Amino acid sequence: MRRRSLVAAAVATVLVVTGCNRGSGDGGSSGNSAPIVVGSTLSLTGAFAATGQIHKIAGEEFVERLNAAGGLLGRKVEWKVLDDQSDQAKVSQLYERLISQDKVDLILGPYATPNILSAMAVAQRHGYILPQHSAVLAPQLTYECQFPAWSIGPTPNSFIPNQLFDALASLPTPPKTVAVLTSQSGSAAFVSDGFGSDKAGALSIAKQRGITVVADVHYPPTTTDWAPIATQVRDANPDLVINNGLGVDAVNILQAMKQLNYRPKQMFGLFPAPGPLLALGDLSEGMLSVSMFEPNKPILDKLGAQATEITTKFSEKAKAANLPYTVFETQATASWNAWEILTGAVKATGGTDQKKLCDSLHDKGVDTTFSGHLTFDPKSFNFWPTTQTLKQIQKGDWVVVWPADKAAAPLAGPRA
């Protein structure tokens with residue numbers, strides 16, 4: 001009964017048109033007018049919902065554009081997305097349902113590394129390819145037919161802290177002390193602590209660079225009382241706070257600090273929902289984070305009219321959905337890439353045979369609108385050369401500040 005109730009609780013949104021259920025196969029258009037069905041879950045409710053909604057809107061726009069251009073292999077595309085409620089325990093069950101019961105033709109990964117790992121296990125068991133938006137825990141992404149849509153290279157646990165410390169070292173007063181606040185969740189903990197035999201991460205790299213770690217706090221993803229963490233940071237009073245967390249963790253930490261009449265001098269958030277941080281106003285000014293894409297005009301002009309159309313339409317849809325941040329940036333880009341990886345493989349092979357899709361992506365790669373041509377090497381867990389930058393909240397907006405040759409504005413230093 002519990003299993004049935006969990007499935008019944010899943011919110012299913014079927015986009016475009018409703019077609020017959022079918023499993024993976026040739027999938028060609030010859031004599032087949034039924035839609036090609038793509039199945040996935042997203043965190044439409046729960047702790048990750050602020051980010052899940054971004055992926056939902058990006059996916060809806062992609063499917064609309066795809067169908068307006070004739071669909072895939074001459075057939076309409078239908079997206080069946082189920083709400084995993086930000087609960088890793090529900091993900092496996094829902095992907096089993098999509099593949100075994102609903103018999104979808106193709107699947108996409110969910111949001112957040114723990115959820116993606118659960119979906120990956122199901123995909124591997126059934127032999128489906130899994131383009132996925134945001135998992136960076138490379139050592140656990142061993143399934144050769146998972147394809148990252150957001151790449152920070154095969155060792156993000158080293159790349160991210162070094163990129164951050166390199167940027168801050170360029171300031172007149174680089175940080176000498178740091179507090180590291182880590183969600184015990186997949187890629188967030190990976191970037192702080194490393195994984196397995198690779199112990200590189202924010203904690204070890206800070207020490208190597210002569211930066212003293214004055215607070216090292218690990219918290220469960222289910223944390224609701226942030227006051228003890230805020231108190232520990234206030235008492236340590238570091239030059240820099242690193243929050244290797246997800247979703248609205250950084251928002252909750254800043255708000256808890258505000259209740260103590262304390263504001264960090266400088267703060268970095270790993271994978272935050274962008275809108276809720278901006279909604280904090282002056283409290284989040286100067287906040288740093290990672291970025292894969294920001295739609296500033298020089299970049300859009302270089303990419304061409306199609307990229308401008310996509311980003312503009314997304315902003316319109318995000319505004320209509322009352323999202324707190326309506327700009328097509330990193331999360332939306334990752335989602336768009338995932339769809340282009342999936343559909344690019346289908347177009348290249350002329351069908352939905354999963355082995356052919358996987359082999360094609362390894363052999364030929366795929367072209368994307370915002371990240372160019374992607375290549376996938378199983379020896380590097382299919383991660384492609386990273387294009388990651390750092391962004392910062394300046395005057396109420398996110399702008400790219402590092403590296404200097406890609407920056408839209410100079411990196412701002414710590415607050416007084």
# chains A, B, ... in the order shown; residues from 1 in each chain; ligands from 1
call {"tool": "select_by_dssp", "arguments": {"residues": "segment 79-323 of chain A", "states": "strand (DSSP E)", "output": "ChimeraX atom specification"}}
result
/A:79-83,106-107,130-132,146-148,177-183,212-219,240-247,267-272,288-291
call {"tool": "atom_distance", "arguments": {"atom1": "atom CA of Leu357 of chain A", "atom2": "atom CA of Leu72 of chain A"}}
result
14.1 Å
call {"tool": "select_by_dssp", "arguments": {"residues": "segment 81-212 of chain A", "states": "helix (DSSP H, G or I)", "output": "ChimeraX atom specification"}}
result
/A:88-101,113-126,138-140,156-169,186-193,202-208
call {"tool": "residues_around", "arguments": {"residues": "Leu254 of chain A", "least_positions_apart": "2", "cutoff": "8 Å", "atoms": "only C-alpha atoms", "output": "ChimeraX atom specification"}}
result
/A:230,250-252,256-258,263,283-284
call {"tool": "closest_residue", "arguments": {"among": "A:Gly186, A:Pro161, A:Gly351, A:Pro295", "to": "Val136 of chain A", "atoms": "only C-alpha atoms"}}
result
A:Gly186
call {"tool": "residues_around", "arguments": {"residues": "Thr326 of chain A", "least_positions_apart": "4", "cutoff": "8 Å", "atoms": "only C-alpha atoms", "output": "ChimeraX atom specification"}}
result
/A:275,314-316,318-319
call {"tool": "residues_around", "arguments": {"residues": "Thr222 of chain A", "least_positions_apart": "6", "cutoff": "10 Å", "atoms": "only C-alpha atoms", "output": "VMD selection string"}}
result
chain A and resid 47 183 to 185
call {"tool": "closest_atom_pairs", "arguments": {"of": "segment 251-300 of chain A", "to": "segment 359-375 of chain A", "cutoff": "12 Å", "atoms": "only C-alpha atoms", "output": "CSV"}}
result
residue,atom,partner,partner_atom,distance
A:Met292,CA,A:Ser371,CA,8.5
A:Phe293,CA,A:Phe370,CA,7.6
A:Glu294,CA,A:Phe370,CA,10.0
A:Pro295,CA,A:Phe370,CA,9.8
A:Ile299,CA,A:Phe370,CA,9.5
A:Leu300,CA,A:Phe370,CA,9.2
call {"tool": "write_last_selection", "arguments": {"atoms": "N, CA and C atoms", "output": "compact mmCIF listing (two decimals), in the first residue's frame"}}
result
# COMPACT_ATOMS: atom_id res chain seq x y z
N MET A 292 27.87 28.45 -15.77
CA MET A 292 28.19 27.85 -17.06
C MET A 292 27.82 28.79 -18.19
N PHE A 293 26.84 29.65 -17.95
CA PHE A 293 26.39 30.57 -18.99
C PHE A 293 25.59 31.70 -18.35
N GLU A 294 25.86 32.90 -18.78
CA GLU A 294 25.07 34.07 -18.43
C GLU A 294 24.77 34.81 -19.73
N PRO A 295 23.52 35.18 -19.98
CA PRO A 295 23.14 35.73 -21.28
C PRO A 295 23.47 37.22 -21.45
N ILE A 299 27.93 37.79 -25.59
CA ILE A 299 27.87 36.34 -25.78
C ILE A 299 26.71 35.98 -26.68
N LEU A 300 25.55 36.57 -26.44
CA LEU A 300 24.38 36.28 -27.27
C LEU A 300 24.60 36.70 -28.72
call {"tool": "closest_residue", "arguments": {"among": "A:Thr177, A:Ser170, A:Asn67, A:Gln232", "to": "Trp402 of chain A", "atoms": "only C-alpha atoms"}}
result
A:Ser170
call {"tool": "residues_around", "arguments": {"residues": "Asn296 of chain A", "least_positions_apart": "5", "cutoff": "12 Å", "atoms": "only C-alpha atoms", "output": "list in words"}}
result
Asp301, Lys302, Leu303, Ala307, Thr308, Thr311, Thr312, Val327, Phe328, Glu329, Asp397, Trp398, Val399, Val400, Lys406, Ala407, Ala408 and Ala409 of chain A
call {"tool": "residues_around", "arguments": {"residues": "Ala123 of chain A", "least_positions_apart": "3", "cutoff": "9 Å", "atoms": "only C-alpha atoms", "output": "VMD selection string"}}
result
chain A and resid 95 to 96 99 107 118 to 120 126 to 130 143 145 to 146
call {"tool": "atom_distance", "arguments": {"atom1": "atom CA of Asn157 of chain A", "atom2": "atom CA of Gly196 of chain A"}}
result
11.8 Å
